[in-house]
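Asks: Submitted below is the structure of interest, expressed as structure tokens.
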Amino acid sequence: MAAAPTLSARSAYRQLLRATRIAFQDDVRVLIAARQEARRNFDQNHRVGIDTPMHINHAIEVATILRHNIVQGVKDGQKEDSKWELRIHDDIERGDNDSVKIGGKSVKIDKACGS
Amino acid sequence: MFRSAVVRSLRTSLPRAVRTPAPFQIRSSAAVRPSQFAARLAFPAVRCYSAPAGLAKDEVEGRIVNLLKNFDKVNDASAITGSSHFSNDLGLDSLDTVEVVMAIEEEFSIEIPDKEADAIHSVNQAVEYILSQPDAH
């Protein structure tokens with residue numbers, strides 16, 4: 001696997017924490033769980049070995065998935081019959097089953113997925 | 001024609017406006033004058049709300065120390081001072097340091113770039129960095 005050797009574990013960890021902050025905004029329970037899991041995985045491989053770049057790469061890939069492919073559903077707690085709404089932030093990957101085949105081009109979709 | 005009439009009326013009214021307070025000023029005693037002067041000074045005073053408030057060094061240091069006290073991996077909470085080193089004095093490893101710096105980012109609602117974040121190893125350095133950031137609050 002091609003790994004970027006310049007990226008340090010610290011930087012990867014920081015990227016991962018940032019990604020959890022974006023992905024699990026206002027959801028403290030999941031946010032803490034995600035950070036604990038990240039920490040556990042980093043502690044597991046704290047010794048530098050031959051596969052360290054691979055683990056770092058894995059962390060960065062997890063961060064990318066968290067950032068681009070997780071959408072939160074938000075419900076207005078006050079109202080009993082309020083709808084769930086998707087919180088689509090800027091980093092969310094846009095597109096559908098047809099547009100992903102275009103490959104390499106950024107697809108712009110104005111309409112939010114929920115509406 | 002009309003304009004000249006307006007100018008003439010202004011010219012005649014102007015000295016009258018100046019003249020009216022004049023006798024009052026002459027008549028007024030020396031004791032009254034300072035208060036008049038002060039009132040006139042206070043009037044044009046303009047408050048500039050756009051000026052940045054800035055953060056005091058003590059406040060920044062206090063907030064960072066508080067944040068560290070709530071951080072459960074610090075082994076001795078009483079050892080936290082303004083000059084503590086994260087790894088030497090507080091027993092934090094490099095990942096903990098990353099977490100602390102992230103917490104500082106969230107506390108002051110700024111984003112610290114990787115290069116600067118890697119250089120922060122002590123409370124002192126963090127305080128200095130925050131003070132150098134105009135966006136921090």
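Just so we're on the same page: first chain in the structure tokens is A, next is B, and so on; residues restart at 1 for each chain, and ligands are numbered from 1 in the order they show up.
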Any chance you could list, as number ranges by chain, the residues in chain A that come up helix (DSSP H, G or I) when DSSP is run on the backbone?
Replies: A: 9-23, 28-44, 52-69, 99-101
Asks: Residues of chain A near chain B: apply a cut-off of 8 Å, count only C-alpha atoms, and supply the list as a list in words.
Replies: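 Listing them in order of chain and number gives Arg10, Ser11, Tyr13, Arg14 and Leu17 of chain A.
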Asks: Can you measure atom CA of B:Ala79 to atom CA of B:His121 for me? One decimal in Å is fine.
Replies: 15.6 Å
Asks: Within 12 Å of A:Asn41, counting only C-alpha atoms, which residues show up once you throw out same-chain ones fewer than 4 positions away? Write them as a ChimeraX atom specification, please.
Replies: /A:9,13,16,34-37,45-47,55-56,58-59,62 /B:95
Asks: Keeping N, CA and C atoms, export the residues of the selection given above as a compact mmCIF listing (two decimals), in the first residue's frame.
Replies:
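Wrote it out as selection23.txt, contents follow:
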# COMPACT_ATOMS: atom_id res chain seq x y z
N ALA A 9 2.09 10.42 12.85
CA ALA A 9 0.94 9.85 13.55
C ALA A 9 0.16 10.93 14.27
N TYR A 13 -3.71 11.68 13.86
CA TYR A 13 -4.61 11.68 15.02
C TYR A 13 -5.40 12.98 15.07
N LEU A 16 -8.06 12.95 12.50
CA LEU A 16 -9.15 12.07 12.92
C LEU A 16 -10.04 12.76 13.95
N ALA A 34 -16.37 7.69 19.72
CA ALA A 34 -15.51 7.67 18.54
C ALA A 34 -14.08 8.05 18.91
N ARG A 35 -13.95 9.03 19.79
CA ARG A 35 -12.61 9.46 20.17
C ARG A 35 -11.91 8.40 21.00
N GLN A 36 -12.68 7.73 21.87
CA GLN A 36 -12.07 6.65 22.65
C GLN A 36 -11.60 5.52 21.75
N GLU A 37 -12.43 5.21 20.75
CA GLU A 37 -12.07 4.14 19.82
C GLU A 37 -10.80 4.52 19.04
N ASN A 45 -1.13 0.34 18.51
CA ASN A 45 0.03 0.30 17.62
C ASN A 45 1.03 1.40 17.98
N HIS A 46 1.25 1.60 19.28
CA HIS A 46 2.11 2.72 19.65
C HIS A 46 3.57 2.45 19.33
N ARG A 47 3.93 1.18 19.20
CA ARG A 47 5.32 0.86 18.87
C ARG A 47 5.53 1.02 17.36
N HIS A 55 -0.84 1.83 9.12
CA HIS A 55 -1.82 2.18 10.15
C HIS A 55 -2.17 3.66 10.09
N ILE A 56 -1.15 4.46 9.85
CA ILE A 56 -1.40 5.91 9.75
C ILE A 56 -2.33 6.19 8.58
N HIS A 58 -4.45 4.17 7.35
CA HIS A 58 -5.78 3.70 7.73
C HIS A 58 -6.51 4.76 8.54
N ALA A 59 -5.81 5.38 9.46
CA ALA A 59 -6.43 6.42 10.29
C ALA A 59 -6.92 7.58 9.42
N VAL A 62 -10.02 6.58 7.60
CA VAL A 62 -11.19 6.64 8.50
C VAL A 62 -11.65 8.07 8.65
N LEU B 95 0.05 11.84 22.10
CA LEU B 95 -1.35 11.85 21.68
C LEU B 95 -2.19 12.70 22.63
Asks: Go through chain A and collect every residue that DSSP, computed from the backbone, puts in strand (DSSP E); the answer should be as number ranges by chain.
Replies: A: 72-75, 84-87
Asks: Could those selected residues go to a file with all heavy atoms, as an mmCIF file, in the first residue's frame?
Replies:
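Dumped everything to out-v3.cif:
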data_model
loop_
_atom_site.group_PDB
_atom_site.id
_atom_site.type_symbol
_atom_site.label_atom_id
_atom_site.label_comp_id
_atom_site.auth_asym_id
_atom_site.auth_seq_id
_atom_site.Cartn_x
_atom_site.Cartn_y
_atom_site.Cartn_z
ATOM 1 N N GLN A 72 -25.703 13.348 9.660
ATOM 2 C CA GLN A 72 -26.459 13.287 10.911
ATOM 3 C C GLN A 72 -27.933 13.582 10.646
ATOM 4 O O GLN A 72 -28.271 14.427 9.820
ATOM 5 C CB GLN A 72 -25.943 14.337 11.885
ATOM 6 C CG GLN A 72 -24.642 13.982 12.541
ATOM 7 C CD GLN A 72 -24.197 15.098 13.454
ATOM 8 O OE1 GLN A 72 -23.994 16.208 13.019
ATOM 9 N NE2 GLN A 72 -24.057 14.782 14.715
ATOM 10 N N GLY A 73 -28.775 12.873 11.349
ATOM 11 C CA GLY A 73 -30.195 13.202 11.328
ATOM 12 C C GLY A 73 -30.534 13.997 12.569
ATOM 13 O O GLY A 73 -30.165 13.618 13.674
ATOM 14 N N VAL A 74 -31.192 15.114 12.394
ATOM 15 C CA VAL A 74 -31.500 15.996 13.518
ATOM 16 C C VAL A 74 -33.011 16.141 13.626
ATOM 17 O O VAL A 74 -33.701 16.314 12.629
ATOM 18 C CB VAL A 74 -30.872 17.391 13.310
ATOM 19 C CG1 VAL A 74 -30.951 18.179 14.600
ATOM 20 C CG2 VAL A 74 -29.456 17.272 12.840
ATOM 21 N N LYS A 75 -33.493 16.068 14.852
ATOM 22 C CA LYS A 75 -34.921 16.265 15.074
ATOM 23 C C LYS A 75 -35.114 17.353 16.113
ATOM 24 O O LYS A 75 -34.377 17.400 17.104
ATOM 25 C CB LYS A 75 -35.553 14.960 15.566
ATOM 26 C CG LYS A 75 -37.056 14.993 15.530
ATOM 27 C CD LYS A 75 -37.599 13.673 16.010
ATOM 28 C CE LYS A 75 -39.100 13.677 15.942
ATOM 29 N NZ LYS A 75 -39.660 12.448 16.483
ATOM 30 N N TRP A 84 -37.538 14.452 10.969
ATOM 31 C CA TRP A 84 -36.078 14.329 11.031
ATOM 32 C C TRP A 84 -35.503 15.082 9.852
ATOM 33 O O TRP A 84 -36.007 14.988 8.738
ATOM 34 C CB TRP A 84 -35.666 12.866 10.957
ATOM 35 C CG TRP A 84 -35.955 12.122 12.216
ATOM 36 C CD1 TRP A 84 -37.098 11.459 12.515
ATOM 37 C CD2 TRP A 84 -35.092 11.981 13.333
ATOM 38 N NE1 TRP A 84 -37.007 10.912 13.767
ATOM 39 C CE2 TRP A 84 -35.780 11.215 14.300
ATOM 40 C CE3 TRP A 84 -33.799 12.429 13.629
ATOM 41 C CZ2 TRP A 84 -35.224 10.884 15.512
ATOM 42 C CZ3 TRP A 84 -33.251 12.096 14.843
ATOM 43 C CH2 TRP A 84 -33.957 11.331 15.779
ATOM 44 N N GLU A 85 -34.434 15.820 10.107
ATOM 45 C CA GLU A 85 -33.790 16.528 9.000
ATOM 46 C C GLU A 85 -32.333 16.097 8.897
ATOM 47 O O GLU A 85 -31.690 15.816 9.911
ATOM 48 C CB GLU A 85 -33.860 18.037 9.233
ATOM 49 C CG GLU A 85 -35.214 18.585 8.875
ATOM 50 C CD GLU A 85 -35.244 20.098 8.945
ATOM 51 O OE1 GLU A 85 -34.173 20.688 9.133
ATOM 52 O OE2 GLU A 85 -36.343 20.647 8.817
ATOM 53 N N LEU A 86 -31.852 16.044 7.652
ATOM 54 C CA LEU A 86 -30.447 15.683 7.449
ATOM 55 C C LEU A 86 -29.591 16.926 7.547
ATOM 56 O O LEU A 86 -29.920 17.953 6.979
ATOM 57 C CB LEU A 86 -30.270 15.044 6.067
ATOM 58 C CG LEU A 86 -30.941 13.697 5.876
ATOM 59 C CD1 LEU A 86 -30.708 13.219 4.458
ATOM 60 C CD2 LEU A 86 -30.405 12.682 6.859
ATOM 61 N N ARG A 87 -28.514 16.799 8.296
ATOM 62 C CA ARG A 87 -27.589 17.920 8.379
ATOM 63 C C ARG A 87 -26.491 17.690 7.350
ATOM 64 O O ARG A 87 -25.554 16.931 7.573
ATOM 65 C CB ARG A 87 -27.009 17.997 9.788
ATOM 66 C CG ARG A 87 -26.121 19.197 9.987
ATOM 67 C CD ARG A 87 -25.471 19.159 11.323
ATOM 68 N NE ARG A 87 -26.338 19.621 12.382
ATOM 69 C CZ ARG A 87 -26.111 19.378 13.672
ATOM 70 N NH1 ARG A 87 -25.101 18.669 14.036
ATOM 71 N NH2 ARG A 87 -26.926 19.848 14.590
#
Asks: I'd like the contact shell of A:Leu66 - 6 Å cut-off, only C-alpha atoms, skipping same-chain residues fewer than 3 positions apart - returned as a ChimeraX atom specification.
Replies: /A:19,23,63,69-70
Asks: What would the file look like if the residues just selected were written as a PDB file, in the first residue's frame with all heavy atoms?
Replies:
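Output contents, as saved in selection.pdb:
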ATOM      1  N   ALA A  19     -12.152  15.255  12.258  1.00  0.00           N
ATOM      2  CA  ALA A  19     -13.232  14.612  11.504  1.00  0.00           C
ATOM      3  C   ALA A  19     -14.370  14.202  12.428  1.00  0.00           C
ATOM      4  O   ALA A  19     -15.545  14.374  12.093  1.00  0.00           O
ATOM      5  CB  ALA A  19     -12.693  13.407  10.750  1.00  0.00           C
ATOM      6  N   ALA A  23     -18.200  15.200  12.126  1.00  0.00           N
ATOM      7  CA  ALA A  23     -19.195  14.168  11.854  1.00  0.00           C
ATOM      8  C   ALA A  23     -20.198  14.031  12.987  1.00  0.00           C
ATOM      9  O   ALA A  23     -21.380  13.771  12.735  1.00  0.00           O
ATOM     10  CB  ALA A  23     -18.504  12.837  11.601  1.00  0.00           C
ATOM     11  N   ALA A  63     -10.672   8.979   8.816  1.00  0.00           N
ATOM     12  CA  ALA A  63     -11.024  10.392   8.967  1.00  0.00           C
ATOM     13  C   ALA A  63     -11.768  10.894   7.734  1.00  0.00           C
ATOM     14  O   ALA A  63     -12.747  11.633   7.840  1.00  0.00           O
ATOM     15  CB  ALA A  63      -9.765  11.217   9.204  1.00  0.00           C
ATOM     16  N   ASN A  69     -18.712  11.015   4.422  1.00  0.00           N
ATOM     17  CA  ASN A  69     -19.782  10.055   4.171  1.00  0.00           C
ATOM     18  C   ASN A  69     -20.698   9.795   5.358  1.00  0.00           C
ATOM     19  O   ASN A  69     -21.409   8.810   5.373  1.00  0.00           O
ATOM     20  CB  ASN A  69     -19.192   8.724   3.698  1.00  0.00           C
ATOM     21  CG  ASN A  69     -18.455   8.883   2.385  1.00  0.00           C
ATOM     22  OD1 ASN A  69     -17.291   9.250   2.368  1.00  0.00           O
ATOM     23  ND2 ASN A  69     -19.141   8.661   1.288  1.00  0.00           N
ATOM     24  N   ILE A  70     -20.664  10.638   6.341  1.00  0.00           N
ATOM     25  CA  ILE A  70     -21.593  10.454   7.464  1.00  0.00           C
ATOM     26  C   ILE A  70     -22.512  11.661   7.558  1.00  0.00           C
ATOM     27  O   ILE A  70     -22.047  12.801   7.565  1.00  0.00           O
ATOM     28  CB  ILE A  70     -20.825  10.257   8.795  1.00  0.00           C
ATOM     29  CG1 ILE A  70     -20.168   8.885   8.771  1.00  0.00           C
ATOM     30  CG2 ILE A  70     -21.757  10.403   9.982  1.00  0.00           C
ATOM     31  CD1 ILE A  70     -19.795   8.353  10.100  1.00  0.00           C
TER      32      ILE A  70
END
Asks: For stretch 69-71 of chain B, work out the shell of residues within 9 Å, counting only C-alpha atoms and skipping chain neighbours fewer than 6 positions away, then give it as number ranges by chain.
Replies: B: 77-78, 80, 100
